[in-house]
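K.L.:
structure30.cif is reproduced in full below (mmCIF, C-alpha atoms).
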data_work
#
loop_
_atom_site.label_atom_id
_atom_site.label_comp_id
_atom_site.auth_asym_id
_atom_site.auth_seq_id
_atom_site.Cartn_x
_atom_site.Cartn_y
_atom_site.Cartn_z
CA MET A 98 234.91 85.60 191.77
CA LYS A 99 238.21 84.18 190.51
CA ARG A 100 236.32 81.56 188.49
CA TRP A 101 234.28 84.30 186.80
CA LEU A 102 237.32 86.41 185.96
CA LEU A 103 239.84 83.75 184.92
CA ASN A 104 238.00 82.14 182.05
CA ARG A 105 238.34 82.51 178.30
CA PHE A 106 235.15 84.56 177.96
CA VAL A 107 236.72 87.30 180.08
CA LEU A 108 240.41 86.89 179.27
CA VAL A 109 240.15 86.98 175.45
CA PRO A 110 237.88 90.07 175.21
CA GLY A 111 239.95 91.63 178.01
CA ALA A 112 243.19 91.06 176.08
CA ILE A 113 241.61 92.53 172.92
CA ALA A 114 240.39 95.56 174.88
CA LEU A 115 243.88 96.04 176.34
CA VAL A 116 245.52 95.90 172.90
CA ALA A 117 242.91 98.37 171.57
CA LEU A 118 243.57 100.70 174.49
CA LEU A 119 247.35 100.60 173.97
CA TRP A 120 246.92 101.15 170.23
CA ASN A 121 244.66 104.16 170.85
CA ILE A 122 247.19 105.64 173.26
CA TYR A 123 249.90 105.17 170.61
CA VAL A 124 247.68 106.78 167.95
CA ALA A 125 246.82 109.73 170.21
CA THR A 126 250.51 110.46 170.77
CA HIS A 127 251.63 110.06 167.15
CA ASP A 128 248.90 111.73 165.08
CA HIS A 129 250.28 115.25 164.62
CA GLY A 130 250.32 114.99 160.82
CA HIS A 131 254.07 115.55 160.53
CA ILE A 132 255.66 114.20 157.35
CA THR A 133 259.38 114.59 156.84
CA GLY A 134 261.76 113.49 154.11
CA ARG A 135 264.55 114.55 151.81
CA VAL A 136 264.90 115.56 148.17
CA VAL A 137 268.06 114.64 146.25
CA ASP A 138 269.26 114.89 142.67
CA LEU A 139 270.40 112.00 140.48
CA ALA A 140 273.86 112.12 142.09
CA GLY A 141 272.29 111.82 145.55
CA LYS A 142 273.11 115.41 146.58
CA PRO A 143 270.52 117.33 148.61
CA VAL A 144 268.41 119.78 146.60
CA ALA A 145 267.59 123.03 148.34
CA ASP A 146 264.49 125.13 147.53
CA ALA A 147 262.69 122.28 145.72
CA SER A 148 258.90 122.39 145.83
CA VAL A 149 257.36 119.30 147.45
CA VAL A 150 253.67 118.55 147.05
CA LEU A 151 251.49 116.52 149.43
CA TRP A 152 248.62 114.71 147.73
CA VAL A 153 245.83 113.22 149.86
CA TYR A 154 243.33 110.53 148.93
CA ASN A 155 239.64 111.47 148.82
CA PHE A 156 237.94 108.08 148.20
CA THR A 157 238.43 108.04 144.45
CA THR A 158 241.48 110.10 143.57
CA TYR A 159 244.44 112.02 145.01
CA GLN A 160 244.04 115.77 145.47
CA GLU A 161 246.78 118.32 145.95
CA HIS A 162 246.76 119.36 149.60
CA SER A 163 249.78 121.58 150.32
CA HIS A 164 253.27 122.62 149.20
CA VAL A 165 256.49 123.17 151.10
CA LYS A 166 260.04 124.07 150.08
CA THR A 167 263.12 122.07 151.05
CA ASP A 168 265.79 123.66 153.24
CA ASP A 169 269.53 123.77 152.54
CA ALA A 170 269.93 120.12 153.55
CA GLY A 171 267.15 119.12 151.11
CA VAL A 172 264.80 118.32 153.98
CA PHE A 173 261.06 119.01 153.76
CA ARG A 174 258.46 119.03 156.53
CA PHE A 175 254.70 118.93 156.27
CA MET A 176 252.98 119.75 159.55
CA ASN A 177 249.35 119.31 158.53
CA ASN A 178 248.79 115.95 156.83
CA PRO A 179 245.17 114.97 157.52
CA SER A 180 245.09 111.60 155.71
CA HIS A 181 246.17 107.98 156.03
CA ARG A 182 246.84 107.55 152.32
CA ILE A 183 249.04 110.13 150.62
CA GLN A 184 251.45 110.70 147.77
CA LEU A 185 254.53 112.92 147.70
CA SER A 186 256.22 114.51 144.71
CA ALA A 187 258.96 117.09 144.29
CA GLU A 188 260.02 119.47 141.56
CA LYS A 189 262.64 122.13 140.94
CA PRO A 190 262.96 124.07 137.71
CA GLY A 191 266.26 123.36 136.07
CA VAL A 192 266.89 120.17 138.07
CA GLY A 193 263.81 118.06 137.28
CA ARG A 194 260.92 116.37 139.00
CA SER A 195 260.41 113.19 140.98
CA GLU A 196 257.88 110.42 140.64
CA ARG A 197 254.87 110.53 142.90
CA ILE A 198 255.66 108.25 145.82
CA PRO A 199 252.62 106.58 147.41
CA VAL A 200 252.73 106.40 151.21
CA PHE A 201 250.33 104.27 153.25
CA LEU A 202 250.02 105.14 156.91
CA TYR A 203 248.64 102.97 159.71
CA PHE A 204 246.29 105.73 160.86
CA ARG A 205 245.14 109.19 159.86
CA ALA A 206 247.74 111.97 160.36
CA GLU A 207 250.42 109.52 161.50
CA ASP A 208 253.83 111.12 162.00
CA PHE A 209 256.06 109.68 159.32
CA ASP A 210 259.61 109.97 158.12
CA LEU A 211 260.13 109.03 154.47
CA ALA A 212 263.06 106.61 154.42
CA THR A 213 263.80 106.82 150.69
CA PRO A 214 264.47 110.36 149.44
CA LEU A 215 262.53 111.85 146.55
CA LYS A 216 264.93 111.76 143.61
CA LEU A 217 264.72 114.55 141.03
CA ALA A 218 265.42 113.64 137.43
CA PRO A 219 265.25 115.80 134.31
CA SER A 220 261.79 115.38 132.78
CA GLY A 221 261.29 114.38 129.16
CA MET B 81 238.88 46.73 168.73
CA ASN B 82 237.42 48.62 165.77
CA ARG B 83 237.12 46.36 162.68
CA TYR B 84 237.26 49.24 160.22
CA PRO B 85 240.21 51.58 159.59
CA ARG B 86 239.56 55.20 160.57
CA TRP B 87 241.67 56.87 157.90
CA PRO B 88 238.96 56.97 155.19
CA ILE B 89 236.71 58.92 157.60
CA HIS B 90 239.55 61.26 158.49
CA LEU B 91 240.40 61.72 154.81
CA ALA B 92 236.79 62.57 154.00
CA LEU B 93 236.62 65.01 156.93
CA ILE B 94 239.89 66.68 155.89
CA MET B 95 238.56 67.11 152.35
CA ALA B 96 235.27 68.50 153.63
CA SER B 97 237.14 70.89 155.95
CA PHE B 98 239.32 71.99 153.04
CA VAL B 99 236.28 72.78 150.90
CA MET B 100 234.73 74.73 153.79
CA LEU B 101 237.88 76.68 154.66
CA VAL B 102 239.10 77.65 151.18
CA PRO B 103 236.60 80.57 150.80
CA PHE B 104 237.63 81.91 154.23
CA TYR B 105 241.29 81.62 153.28
CA TRP B 106 240.63 83.37 149.96
CA VAL B 107 238.83 86.28 151.65
CA ALA B 108 241.58 86.63 154.28
CA LYS B 109 244.31 86.43 151.62
CA THR B 110 242.70 89.04 149.36
CA SER B 111 242.15 91.36 152.34
CA VAL B 112 245.90 91.58 153.00
CA SER B 113 247.20 91.41 149.44
CA GLY B 114 244.48 92.92 147.22
CA GLU B 115 245.21 90.33 144.57
CA ASN B 116 242.33 89.99 142.20
CA ILE B 117 240.34 86.82 142.70
CA TYR B 118 239.90 86.39 138.95
CA ALA B 119 243.63 86.45 138.21
CA TYR B 120 244.94 83.49 136.24
CA PRO B 121 246.85 81.50 137.26
CA PRO B 122 245.42 82.04 140.76
CA SER B 123 248.06 82.71 143.41
CA ILE B 124 247.70 80.57 146.51
CA ILE B 125 250.30 82.30 148.68
CA PRO B 126 249.81 86.07 149.02
CA THR B 127 252.61 88.37 147.88
CA ARG B 128 253.16 91.87 149.33
CA VAL B 129 251.16 91.29 152.52
CA GLN B 130 250.09 94.61 154.10
CA PRO B 131 247.29 95.78 156.41
CA PHE B 132 246.41 99.04 154.65
CA PHE B 133 243.09 97.86 153.19
CA TYR B 134 241.85 97.57 156.77
CA VAL B 135 242.93 101.18 157.38
CA ASP B 136 241.04 102.25 154.24
CA VAL B 137 237.88 100.58 155.49
CA TRP B 138 238.22 102.13 158.93
CA TYR B 139 238.26 105.64 157.47
CA ALA B 140 236.04 105.19 154.38
CA ILE B 141 232.91 104.82 156.49
CA PRO B 142 232.20 105.55 160.17
CA PHE B 143 233.23 101.99 161.06
CA ALA B 144 233.50 102.55 164.81
CA ARG B 145 229.94 103.93 164.95
CA TYR B 146 228.53 101.03 162.89
CA PHE B 147 230.47 98.56 165.02
CA LEU B 148 229.06 100.12 168.20
CA ASN B 149 225.52 99.94 166.76
CA SER B 150 225.92 96.29 165.76
CA LEU B 151 227.45 95.43 169.12
CA ALA B 152 224.75 97.22 171.15
CA VAL B 153 221.94 95.64 169.14
CA SER B 154 223.52 92.18 169.38
CA VAL B 155 224.06 92.49 173.14
CA ILE B 156 220.43 93.54 173.66
CA ALA B 157 219.25 90.64 171.47
CA VAL B 158 221.48 88.15 173.30
CA ILE B 159 220.37 89.24 176.80
CA ALA B 160 216.69 89.31 175.80
CA ASN B 161 217.00 85.92 174.10
CA VAL B 162 218.52 84.25 177.13
CA ILE B 163 215.92 85.71 179.52
CA PHE B 164 212.75 85.31 177.40
CA ASN B 165 213.68 81.96 175.86
CA ALA B 166 214.59 80.50 179.24
CA MET B 167 211.24 81.63 180.65
CA ALA B 168 209.33 80.22 177.67
CA GLY B 169 211.37 77.00 177.67
CA TYR B 170 210.73 76.53 181.38
CA ALA B 171 206.99 77.04 180.90
CA LEU B 172 206.97 74.41 178.14
CA THR B 173 208.52 71.81 180.45
CA HIS B 174 205.32 71.96 182.54
CA GLY B 175 202.02 70.38 181.68
CA PHE B 176 199.21 72.89 181.18
CA ARG B 177 195.98 73.10 179.23
CA GLY B 178 196.63 74.04 175.62
CA LYS B 179 200.35 73.18 175.75
CA ASN B 180 200.14 71.16 172.55
CA VAL B 181 198.37 74.05 170.82
CA VAL B 182 201.15 76.41 171.92
CA LEU B 183 203.79 73.98 170.66
CA MET B 184 202.01 73.62 167.32
CA LEU B 185 201.68 77.39 167.10
CA PHE B 186 205.41 77.81 167.73
CA LEU B 187 206.28 75.21 165.11
CA SER B 188 203.93 76.71 162.54
CA CYS B 189 205.29 80.21 163.22
CA MET B 190 208.76 78.94 162.30
CA MET B 191 207.48 78.40 158.77
CA VAL B 192 206.44 82.06 158.33
CA PRO B 193 209.33 84.02 156.80
CA PHE B 194 210.25 87.35 158.40
CA GLN B 195 209.62 89.13 155.10
CA ALA B 196 205.91 88.28 155.51
CA THR B 197 205.68 89.92 158.94
CA ILE B 198 208.03 92.82 158.44
CA ILE B 199 205.28 95.42 157.84
CA PRO B 200 203.39 94.60 161.08
CA ALA B 201 206.75 94.49 162.88
CA TYR B 202 207.57 97.95 161.52
CA LEU B 203 204.17 99.36 162.51
CA ILE B 204 204.40 97.92 166.03
CA THR B 205 207.94 99.26 166.47
CA GLY B 206 206.73 102.65 165.20
CA LYS B 207 203.78 102.67 167.64
CA LEU B 208 206.19 101.91 170.48
CA GLY B 209 208.31 104.87 169.42
CA LEU B 210 211.37 102.69 168.88
CA LEU B 211 212.14 103.39 165.23
CA ASP B 212 215.75 104.38 164.68
CA SER B 213 216.88 103.11 168.09
CA TRP B 214 219.02 100.21 169.36
CA LEU B 215 216.06 98.64 171.15
CA GLY B 216 213.93 98.89 168.02
CA LEU B 217 216.69 97.26 165.95
CA ALA B 218 216.88 94.37 168.43
CA LEU B 219 213.14 94.02 169.06
CA PRO B 220 212.16 91.39 166.43
CA GLN B 221 215.09 89.22 167.54
CA CYS B 222 214.49 89.37 171.27
CA SER B 223 213.11 85.83 171.20
CA THR B 224 213.50 83.04 168.67
CA ILE B 225 211.50 79.84 168.57
CA ILE B 226 214.45 77.56 167.83
CA CYS B 227 216.21 78.83 170.94
CA ILE B 228 213.07 78.30 173.04
CA PHE B 229 213.14 74.63 172.03
CA ILE B 230 216.86 74.44 172.83
CA PHE B 231 216.11 75.65 176.36
CA LYS B 232 213.13 73.31 176.61
CA ALA B 233 215.29 70.31 175.64
CA SER B 234 217.92 71.32 178.16
CA PHE B 235 215.40 71.90 180.99
CA ASP B 236 213.68 68.59 180.22
CA ALA B 237 216.96 66.84 181.06
CA VAL B 238 216.99 68.31 184.60
CA PRO B 239 215.55 65.76 187.09
CA ARG B 240 212.01 66.61 188.16
CA SER B 241 212.88 65.84 191.78
CA LEU B 242 215.31 68.77 191.85
CA ILE B 243 212.56 71.23 190.92
CA ASP B 244 210.14 69.65 193.41
CA ALA B 245 212.75 69.92 196.18
CA ALA B 246 213.26 73.61 195.35
CA ARG B 247 209.50 74.19 195.49
CA ILE B 248 209.28 72.47 198.86
CA ASP B 249 212.06 74.78 200.07
CA GLY B 250 209.84 77.69 199.05
CA LEU B 251 211.73 78.98 196.00
CA PRO B 252 209.59 81.04 193.61
CA GLU B 253 209.51 79.99 189.96
CA TRP B 254 211.86 82.72 188.71
CA ARG B 255 214.47 81.70 191.28
CA ILE B 256 214.12 78.05 190.25
CA ILE B 257 214.94 79.15 186.69
CA TRP B 258 217.80 81.42 187.75
CA HIS B 259 219.43 79.34 190.51
CA ILE B 260 218.71 75.75 189.43
CA MET B 261 217.83 75.45 185.75
CA MET B 262 220.26 78.01 184.31
CA PRO B 263 223.46 76.73 185.99
CA LEU B 264 222.60 73.23 184.73
CA SER B 265 222.01 74.53 181.18
CA THR B 266 225.26 76.30 180.28
CA ALA B 267 225.34 74.57 176.89
CA ALA B 268 221.84 75.86 176.06
CA ILE B 269 222.83 79.35 177.18
CA ALA B 270 225.97 79.26 175.01
CA THR B 271 223.93 78.08 172.02
CA ASN B 272 221.42 80.87 172.59
CA VAL B 273 224.16 83.45 172.91
CA ILE B 274 225.92 82.36 169.72
CA LEU B 275 222.80 82.00 167.59
CA ALA B 276 221.23 85.25 168.81
CA PHE B 277 224.51 87.11 168.34
CA ILE B 278 225.16 85.83 164.83
CA TRP B 279 221.57 86.31 163.63
CA SER B 280 221.48 89.82 165.02
CA TRP B 281 224.98 90.67 163.80
CA ASN B 282 224.28 89.55 160.23
CA ASN B 283 220.77 90.99 159.96
CA PHE B 284 220.41 93.24 156.95
CA LEU B 285 216.74 93.61 156.03
CA TRP B 286 215.32 94.84 159.36
CA PRO B 287 217.98 97.54 159.97
CA LEU B 288 217.56 98.61 156.32
CA ILE B 289 213.81 99.08 156.83
CA MET B 290 213.75 100.72 160.24
CA THR B 291 216.82 102.96 160.47
CA ARG B 292 216.38 106.52 159.31
CA SER B 293 219.63 108.22 160.25
CA ALA B 294 223.07 107.20 159.02
CA ASP B 295 224.28 107.15 162.64
CA MET B 296 222.01 104.22 163.52
CA GLN B 297 223.12 101.93 160.69
CA THR B 298 224.73 98.60 161.45
CA LEU B 299 227.72 96.88 159.84
CA PRO B 300 225.82 94.97 157.10
CA LEU B 301 224.29 98.30 155.99
CA GLY B 302 227.75 99.83 156.23
CA LEU B 303 229.00 97.17 153.82
CA ALA B 304 226.33 98.17 151.29
CA ARG B 305 227.22 101.84 151.79
CA PHE B 306 230.91 101.06 151.41
CA LEU B 307 230.25 99.30 148.10
CA SER B 308 228.45 102.38 146.83
CA TYR B 309 231.42 104.62 147.78
CA GLN B 310 234.33 102.66 146.41
CA GLU B 311 235.00 101.62 142.87
CA ASP B 312 238.20 99.62 143.22
CA THR B 313 237.16 97.50 146.17
CA THR B 314 239.02 94.24 145.72
CA GLY B 315 241.23 94.41 148.82
CA ALA B 316 239.18 96.84 150.91
CA LEU B 317 235.93 94.96 150.31
CA TYR B 318 237.45 91.73 151.56
CA ALA B 319 239.04 93.52 154.51
CA PHE B 320 235.58 94.84 155.39
CA CYS B 321 234.18 91.30 155.20
CA ILE B 322 236.85 90.07 157.62
CA MET B 323 236.16 92.96 160.01
CA VAL B 324 232.44 92.15 159.98
CA LEU B 325 232.98 88.40 160.35
CA ALA B 326 235.62 88.53 163.07
CA PRO B 327 233.42 89.10 166.17
CA GLY B 328 231.02 86.28 165.26
CA LEU B 329 233.90 83.91 164.51
CA LEU B 330 235.60 84.82 167.77
CA LEU B 331 232.45 84.21 169.76
CA PHE B 332 231.92 80.86 168.05
CA LEU B 333 235.50 79.76 168.67
CA LEU B 334 235.23 80.77 172.33
CA ALA B 335 232.03 78.85 172.94
CA GLN B 336 232.09 76.12 170.32
CA LYS B 337 232.22 73.26 172.86
CA GLU B 338 229.10 74.48 174.67
CA PHE B 339 227.46 75.38 171.34
CA ILE B 340 227.76 71.85 169.95
CA ARG B 341 226.68 70.35 173.28
CA GLY B 342 223.66 72.68 173.40
CA LEU B 343 222.53 71.78 169.90
CA THR B 344 222.83 68.05 170.54
CA SER B 345 221.43 67.97 174.08
CA GLY B 346 218.12 66.17 174.10
CA ALA B 347 218.84 64.63 170.70
CA THR B 348 219.29 61.19 172.25
CA LYS B 349 216.55 61.43 174.82
CA GLY B 350 214.12 58.52 174.83
#
Using structure tokens, write down the structure that the file contains.

P.N.:
Amino acid sequence: MKRWLLNRFVLVPGAIALVALLWNIYVATHDHGHITGRVVDLAGKPVADASVVLWVYNFTTYQEHSHVKTDDAGVFRFMNNPSHRIQLSAEKPGVGRSERIPVFLYFRAEDFDLATPLKLAPSG
Amino acid sequence: MNRYPRWPIHLALIMASFVMLVPFYWVAKTSVSGENIYAYPPSIIPTRVQPFFYVDVWYAIPFARYFLNSLAVSVIAVIANVIFNAMAGYALTHGFRGKNVVLMLFLSCMMVPFQATIIPAYLITGKLGLLDSWLGLALPQCSTIICIFIFKASFDAVPRSLIDAARIDGLPEWRIIWHIMMPLSTAAIATNVILAFIWSWNNFLWPLIMTRSADMQTLPLGLARFLSYQEDTTGALYAFCIMVLAPGLLLFLLAQKEFIRGLTSGATKG
């Protein structure tokens, strides 16, 4: 029995299956679709009430999915991201707009915190 | 002591290995960097390594379903190959009337391409009610003539006295195969497993002809479907290739010692 179990034909697929199982457990506990981040102006100050847009990839192009507004600390939260490949952009009249930031996730609807804030700059 | 230096042979082997491995390296590199293969000057070391092309592939098509289909079909083909080929190989180690005719028939059948018999194969599978099923996908590959000869060569190397002793002890033929011939033919089994797995895994034409629903498609068909979906496929396409190749490569690496031994067993028999 030991000879059948402790050989490379069992151990290697077994190790792969274990890694796959652990990965799936991780995915199942981190796929709520929460995206958080901050919006700042050119001086680095938080921008309240800016409109942030979530764009999701649909095989060929990015489509607008949903909007949220930033709070007083300039923080935005999306609770319903369905995709693994998204873009984020922000805008506030009178302050400016940000570039679209591409975000690649390791799996669909991964919970993600944007490390670099979206920076608003006057357009034109 | 060897009169000739060995380094020229090693140098030639290293160069041959390099030529063989460069395409694999290029595919692996493009799958993690997305750098265009036609870029000039070509970059040898990948920049901006990331795994997101693999994620794209996973979600662009129902990869898990195709993988399951390919795996199920390959497992059926492997099990059937080992059982049927061992039985046929064992029969061919015996002398019987018409054995030479059977051998000639087997050898001549190897020259008939599958494309020539695909319509009868489709009609037979349809009559059996196995179209669009795992068993139907595996059916034409449940026995291969090359693998029958591999088993035959391996069984021929087993001493005749061992089989006679088993018969005297009252063992039926199927138990002689299972308890005596098979444990002494691990290399032939490994060769059968690898060849049957790789042929089944890479098969494109038969699944294309006989599957009707998208849910029953296998990975090679998925690759064709993926190409029709995506326009900018440089990185994702190569990631898909790696994902399709990986199981076959893994199996070969696991069993390469037995595989080589199985292919060469009987080669030096007098």

K.L.:
Can you check which residues of chain A have any atom within 8 Å of chain B? Use all atoms listed in the file and format it as number ranges by chain.

P.N.:
A: 105-106, 156-157, 181, 201-204

K.L.:
For CA of Leu148 in chain B and CA of Trp106 in chain B, quote the distance in Å rounded to one decimal.

P.N.:
27.3 Å

K.L.:
Please evaluate the PyMOL selection byres ((chain A and resi 150) around 6) against the structure above and give the resulting residues as a list in words.

P.N.:
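Taken on the displayed file, the PyMOL selection byres ((chain A and resi 150) around 6) yields the residues Val149, Leu151, Ser163, His164, Leu185 and Ser186 of chain A.
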
K.L.:
Starting from the shown file, work through the PyMOL selection byres ((chain B and resi 173) around 12) and note down what comes out as a tab-separated table (two decimals) with C-alpha atoms, in the coordinates of the input.

P.N.:
chain	number	residue	atom	x	y	z
B	166	ALA	CA	214.59	80.50	179.24
B	167	MET	CA	211.24	81.63	180.65
B	168	ALA	CA	209.33	80.22	177.67
B	169	GLY	CA	211.37	77.00	177.67
B	170	TYR	CA	210.73	76.53	181.38
B	171	ALA	CA	206.99	77.04	180.90
B	172	LEU	CA	206.97	74.41	178.14
B	174	HIS	CA	205.32	71.96	182.54
B	175	GLY	CA	202.02	70.38	181.68
B	176	PHE	CA	199.21	72.89	181.18
B	179	LYS	CA	200.35	73.18	175.75
B	180	ASN	CA	200.14	71.16	172.55
B	183	LEU	CA	203.79	73.98	170.66
B	228	ILE	CA	213.07	78.30	173.04
B	229	PHE	CA	213.14	74.63	172.03
B	230	ILE	CA	216.86	74.44	172.83
B	231	PHE	CA	216.11	75.65	176.36
B	232	LYS	CA	213.13	73.31	176.61
B	233	ALA	CA	215.29	70.31	175.64
B	234	SER	CA	217.92	71.32	178.16
B	235	PHE	CA	215.40	71.90	180.99
B	236	ASP	CA	213.68	68.59	180.22
B	237	ALA	CA	216.96	66.84	181.06
B	238	VAL	CA	216.99	68.31	184.60
B	239	PRO	CA	215.55	65.76	187.09
B	240	ARG	CA	212.01	66.61	188.16
B	243	ILE	CA	212.56	71.23	190.92
B	257	ILE	CA	214.94	79.15	186.69
B	261	MET	CA	217.83	75.45	185.75

K.L.:
Do a neighbour search on Ser223 in chain B at 9 Å with only C-alpha atoms, toss out local chain neighbours closer than 5 positions, and write the hits as a count of residues only.

P.N.:
10

K.L.:
Show me, as JSON, numbers by chain, the residues that have an atom within 9 Å of Trp286 in chain B when counting all atoms listed in the file, minus same-chain residues fewer than 2 positions from it.

P.N.:
{"B": [198, 202, 217, 220, 283, 284, 288, 289, 290, 291]}

K.L.:
Counting only C-alpha atoms, find residues at most 8 Å from (248.8, 109.7, 160.4) (file frame) and give them as an MDAnalysis selection string.

P.N.:
chainID A and resid 127:131 178:181 202:209

K.L.:
Quick one: apply the PyMOL selection byres ((chain A and resi 172) around 9) to the file and drop the selected residues here as a list in words.

P.N.:
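Selected by the PyMOL selection byres ((chain A and resi 172) around 9) in this file: Thr133, Gly134, Arg135, Val136, Pro143, Val144, Ala145, Lys166, Thr167, Asp168, Asp169, Ala170, Gly171, Phe173 and Arg174 of chain A.
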
K.L.:
Counting all atoms listed in the file, select every polymer residue within 12 Å of (229.6, 76.9, 170.2) as defined in the file's coordinates, and provide the selection as an MDAnalysis selection string.

P.N.:
chainID B and resid 266:278 328:344

K.L.:
For a quick check of understanding, using all atoms listed in the file, which of B:Leu264, B:Ile159, B:Ile124, B:Met95 has the smallest distance to Ala108 in chain B?

P.N.:
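Residue with the minimum atom-to-atom distance to Ala108 in chain B: B:Ile124.
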
K.L.:
Suppose you want the space between CA of Glu115 in chain B and CA of Pro103 in chain B; what is it in Å?

P.N.:
14.4 Å

K.L.:
Rounded to one decimal in Å, what is the spacing between CA of Gly302 in chain B and CA of Phe143 in chain B?

P.N.:
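Between CA of Gly302 in chain B and CA of Phe143 in chain B the gap is 7.6 Å.
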
K.L.:
Reconstruct N, CA and C atoms of range 139-154 of chain B; output as a compact mmCIF listing (two decimals), in the coordinates of the input.

P.N.:
# COMPACT_ATOMS: atom_id res chain seq x y z
N TYR B 139 238.50 104.22 157.69
CA TYR B 139 238.26 105.64 157.47
C TYR B 139 237.24 105.91 156.35
N ALA B 140 236.96 104.93 155.51
CA ALA B 140 236.04 105.19 154.38
C ALA B 140 234.61 105.38 154.87
N ILE B 141 234.25 104.67 155.91
CA ILE B 141 232.91 104.82 156.49
C ILE B 141 233.09 104.99 158.00
N PRO B 142 232.06 105.45 158.71
CA PRO B 142 232.20 105.55 160.17
C PRO B 142 232.14 104.17 160.82
N PHE B 143 233.23 103.40 160.65
CA PHE B 143 233.23 101.99 161.06
C PHE B 143 232.98 101.83 162.55
N ALA B 144 233.63 102.68 163.35
CA ALA B 144 233.50 102.55 164.81
C ALA B 144 232.04 102.73 165.24
N ARG B 145 231.35 103.68 164.61
CA ARG B 145 229.94 103.93 164.95
C ARG B 145 229.07 102.72 164.55
N TYR B 146 229.31 102.20 163.34
CA TYR B 146 228.53 101.03 162.89
C TYR B 146 228.82 99.82 163.78
N PHE B 147 230.08 99.68 164.16
CA PHE B 147 230.47 98.56 165.02
C PHE B 147 229.75 98.68 166.37
N LEU B 148 229.74 99.89 166.91
CA LEU B 148 229.06 100.12 168.20
C LEU B 148 227.57 99.79 168.07
N ASN B 149 226.95 100.24 166.97
CA ASN B 149 225.52 99.94 166.76
C ASN B 149 225.28 98.44 166.70
N SER B 150 226.09 97.75 165.89
CA SER B 150 225.92 96.29 165.76
C SER B 150 226.13 95.60 167.10
N LEU B 151 227.15 96.06 167.83
CA LEU B 151 227.45 95.43 169.12
C LEU B 151 226.31 95.67 170.12
N ALA B 152 225.82 96.90 170.19
CA ALA B 152 224.75 97.22 171.15
C ALA B 152 223.49 96.42 170.83
N VAL B 153 223.15 96.36 169.54
CA VAL B 153 221.94 95.64 169.14
C VAL B 153 222.10 94.15 169.44
N SER B 154 223.28 93.60 169.15
CA SER B 154 223.52 92.18 169.38
C SER B 154 223.49 91.85 170.88
